[in-house]
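Below is target.tsv, which holds TSV, C-alpha atoms and all ligand atoms.
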chain	number	residue	atom	x	y	z
A	9	MET	CA	-14.16	31.84	11.38
A	10	ASN	CA	-10.62	30.49	11.40
A	11	THR	CA	-9.18	29.23	8.17
A	12	ILE	CA	-6.52	26.57	8.07
A	13	SER	CA	-3.84	26.74	5.41
A	14	ILE	CA	-3.12	23.80	3.13
A	15	GLU	CA	0.30	23.51	4.75
A	16	ASP	CA	-1.25	23.27	8.22
A	17	LYS	CA	-3.74	20.65	7.02
A	18	LEU	CA	-0.96	18.59	5.46
A	19	ALA	CA	1.10	18.88	8.65
A	20	VAL	CA	-1.39	16.72	10.61
A	21	ASN	CA	-0.78	13.80	8.27
A	22	LYS	CA	1.88	11.16	8.81
A	23	PHE	CA	3.74	9.33	6.09
A	24	ASP	CA	5.28	5.89	6.30
A	25	ILE	CA	7.34	6.23	3.16
A	26	ASP	CA	7.88	3.04	1.21
A	27	LYS	CA	11.26	2.76	-0.47
A	28	ASP	CA	9.43	1.06	-3.34
A	29	VAL	CA	8.29	4.00	-5.46
A	30	HIS	CA	4.53	3.69	-6.12
A	31	ILE	CA	4.25	6.35	-8.84
A	32	ARG	CA	6.72	6.79	-11.67
A	33	ILE	CA	6.72	9.27	-14.51
A	34	ASP	CA	8.22	8.95	-17.96
A	35	GLU	CA	10.12	12.21	-18.28
A	36	ASP	CA	10.58	11.75	-22.02
A	37	ILE	CA	6.79	11.70	-22.48
A	38	CYS	CA	6.44	14.68	-20.11
A	39	GLN	CA	8.79	16.60	-22.40
A	40	THR	CA	6.20	16.26	-25.18
A	41	CYS	CA	3.28	17.50	-23.03
A	42	ASN	CA	1.88	20.95	-23.74
A	43	HIS	CA	-0.21	21.46	-20.58
A	44	HIS	CA	1.45	19.74	-17.59
A	45	ALA	CA	-1.91	19.25	-15.89
A	46	CYS	CA	-0.25	17.15	-13.18
A	47	ILE	CA	1.26	20.30	-11.67
A	48	TYR	CA	-2.14	21.93	-11.27
A	49	VAL	CA	-4.14	18.96	-10.01
A	50	CYS	CA	-1.75	17.57	-7.42
A	51	PRO	CA	-2.85	18.88	-3.99
A	52	ALA	CA	0.50	17.95	-2.47
A	53	ASN	CA	2.73	19.73	-5.00
A	54	CYS	CA	4.52	16.50	-5.86
A	55	TYR	CA	5.05	17.70	-9.45
A	56	LYS	CA	7.23	20.65	-10.30
A	57	LEU	CA	8.30	22.28	-13.55
A	58	SER	CA	11.96	23.28	-13.51
A	59	ASP	CA	13.94	24.42	-16.54
A	60	GLY	CA	11.26	22.99	-18.80
A	61	ARG	CA	11.34	19.55	-17.20
A	62	ILE	CA	8.81	17.91	-14.91
A	63	THR	CA	10.23	16.58	-11.67
A	64	PHE	CA	8.28	14.37	-9.31
A	65	SER	CA	8.67	13.27	-5.71
A	66	TYR	CA	6.36	10.54	-4.46
A	67	GLU	CA	7.10	10.92	-0.74
A	68	GLY	CA	4.35	13.48	-0.04
A	69	CYS	CA	1.70	11.79	-2.17
A	70	LEU	CA	-1.86	11.89	-0.76
A	71	GLU	CA	-2.92	8.91	-2.93
A	72	CYS	CA	-5.82	10.84	-4.45
A	73	GLY	CA	-5.26	9.62	-8.01
A	74	SER	CA	-5.78	13.05	-9.57
A	75	CYS	CA	-2.54	13.01	-11.53
A	76	ASN	CA	-3.32	9.64	-13.03
A	77	VAL	CA	-6.67	10.96	-14.28
A	78	ALA	CA	-5.28	14.29	-15.48
A	79	CYS	CA	-2.39	12.89	-17.50
A	80	ASP	CA	-3.65	12.20	-21.01
A	81	LYS	CA	-0.20	11.28	-22.36
A	82	GLY	CA	0.27	7.98	-20.56
A	83	ALA	CA	3.32	9.31	-18.75
A	84	ILE	CA	2.31	8.15	-15.28
A	85	ASP	CA	2.68	4.61	-13.96
A	86	TRP	CA	0.40	4.81	-10.92
A	87	THR	CA	-0.21	2.38	-8.08
A	88	LEU	CA	-1.00	2.68	-4.39
A	89	PRO	CA	1.84	2.15	-1.91
A	90	ARG	CA	2.18	-1.31	-0.46
A	91	PRO	CA	-0.12	-2.06	2.51
A	92	GLY	CA	1.16	-0.40	5.66
A	93	PHE	CA	2.90	2.39	3.75
A	94	GLY	CA	1.84	5.79	2.51
A	95	ILE	CA	-0.24	8.46	4.13
A	96	CYS	CA	-2.07	8.29	7.47
A	97	TYR	CA	-4.64	11.09	7.51
A	98	GLN	CA	-5.32	13.38	10.49
A	99	TYR	CA	-2.64	11.78	12.61
A	100	GLY	CA	-1.79	14.87	14.63
A	201	LIG	FE1	-0.40	14.25	-6.17
A	201	LIG	FE2	-2.68	12.87	-5.85
A	201	LIG	FE3	-0.95	12.18	-7.80
A	201	LIG	FE4	-0.34	11.74	-5.22
A	201	LIG	S1	-2.00	10.77	-6.41
A	201	LIG	S2	1.03	12.61	-6.77
A	201	LIG	S3	-1.26	13.55	-4.24
A	201	LIG	S4	-2.13	14.10	-7.64

Representation of the structure as structure tokens:
Amino acid sequence: MNTISIEDKLAVNKFDIDKDVHIRIDEDICQTCNHHACIYVCPANCYKLSDGRITFSYEGCLECGSCNVACDKGAIDWTLPRPGFGICYQYG
């Protein structure tokens, strides 16, 4: 049985990236967080921990909502992209 890597699965998706950012994080609140669950739940690796600070890039977001559920600090301002923008699954 062939297995497909996460990277290969993500590569068949297409993104129409909206210049209006649909998810924002409050980095000051993130600085107070002791678990950084967002890093572990995001299937697209949109969250990264670098030099003790969380960085976030919305462009590869799969719109799953996991980070919004996982963050118990209120650091994430989460919405879907505007209609017509965001991810198109299994495009390739
Ligand atoms: Fe990652 Fe899902 Fe949050 Fe998008 S909605 S940033 S894919 S966890």

Once you count all atoms listed in the file, what closest atom pair and distance in Å to one decimal does each residue of chain A within 6 Å of ligand LIG 201 (chain A) have, with rows by chain and rising residue number, as a Markdown table?
| residue | atom | partner | partner_atom | distance |
| --- | --- | --- | --- | --- |
| A:Val49 | CA | A:LIG201 | S4 | 5.8 |
| A:Cys50 | CA | A:LIG201 | S4 | 3.5 |
| A:Pro51 | CA | A:LIG201 | S3 | 5.6 |
| A:Ala52 | CA | A:LIG201 | S3 | 5.1 |
| A:Cys54 | CA | A:LIG201 | S2 | 5.3 |
| A:Cys69 | CA | A:LIG201 | FE4 | 3.7 |
| A:Leu70 | CA | A:LIG201 | S3 | 3.9 |
| A:Glu71 | CA | A:LIG201 | S1 | 4.1 |
| A:Cys72 | CA | A:LIG201 | FE2 | 4.0 |
| A:Gly73 | CA | A:LIG201 | S1 | 3.8 |
| A:Ser74 | CA | A:LIG201 | S4 | 4.3 |
| A:Cys75 | CA | A:LIG201 | S4 | 4.1 |

Quiz item: Near Ser65 (chain A), counting all atoms listed in the file, which residues have an atom at most 12 Å away, once you skip same-chain residues fewer than 3 positions from it, shown as a ChimeraX atom specification?
Solution: /A:25,29-33,47,50,52-57,62,68-70

Exercise. May I ask which of the residues A:Lys22, A:Lys17, A:Lys81, A:Lys27 is the closest one to Thr40 (chain A), counting all atoms listed in the file?
Key: A:Lys81

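The two atoms in question, CA of Phe93 (chain A) and CA of Tyr48 (chain A), are spaced 25.2 Å apart.
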
Exercise. Quote the spacing between CA of Asp34 (chain A) and CA of Cys46 (chain A) in Å to one decimal place.
Key: 12.7 Å

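Picture a line from CA of Thr87 (chain A) to CA of Thr63 (chain A); it runs 18.0 Å.
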
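Minimum atom-to-atom distances from A:Met9, A:Gly60, A:Pro91, A:Asp26 to His44 (chain A) were compared using only C-alpha atoms, and the lowest value belongs to A:Gly60.
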
Box time for region 58-74 of chain A: axis-aligned, enclosing all its listed atoms, 8 Å extra on each side; report centre and edge lengths in Å to one decimal, as lines of an AutoDock Vina configuration file.
center_x = 4.1
center_y = 16.7
center_z = -9.4
size_x = 35.8
size_y = 31.5
size_z = 34.8

Could you pull the residues within 12 Å of Ile37 (chain A), counting all atoms listed in the file, minus those fewer than 6 positions along the same chain, as a CSV table (one decimal) with C-alpha atoms, in the frame of the given file?
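Now in selection_38.csv:
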chain,number,residue,atom,x,y,z
A,44,HIS,CA,1.4,19.7,-17.6
A,61,ARG,CA,11.3,19.6,-17.2
A,62,ILE,CA,8.8,17.9,-14.9
A,79,CYS,CA,-2.4,12.9,-17.5
A,80,ASP,CA,-3.6,12.2,-21.0
A,81,LYS,CA,-0.2,11.3,-22.4
A,82,GLY,CA,0.3,8.0,-20.6
A,83,ALA,CA,3.3,9.3,-18.8
A,84,ILE,CA,2.3,8.2,-15.3
A,85,ASP,CA,2.7,4.6,-14.0

Quiz item: Which one is closest to Ala78 (chain A): A:Ala45, A:Leu18, A:Asp28, A:Ile95? Count all atoms listed in the file.
Solution: A:Ala45

Practice problem: Using only C-alpha atoms, pick whichever of A:Gln98, A:Gln39, A:Asn10, A:Asn76 has the shortest atom-to-atom distance to Asp59 (chain A). | Solution: A:Gln39

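Distances to Glu67 (chain A) were evaluated for A:Ile14, A:Tyr97, A:Cys41, A:Asp24 using only C-alpha atoms, and the minimum falls at A:Asp24.
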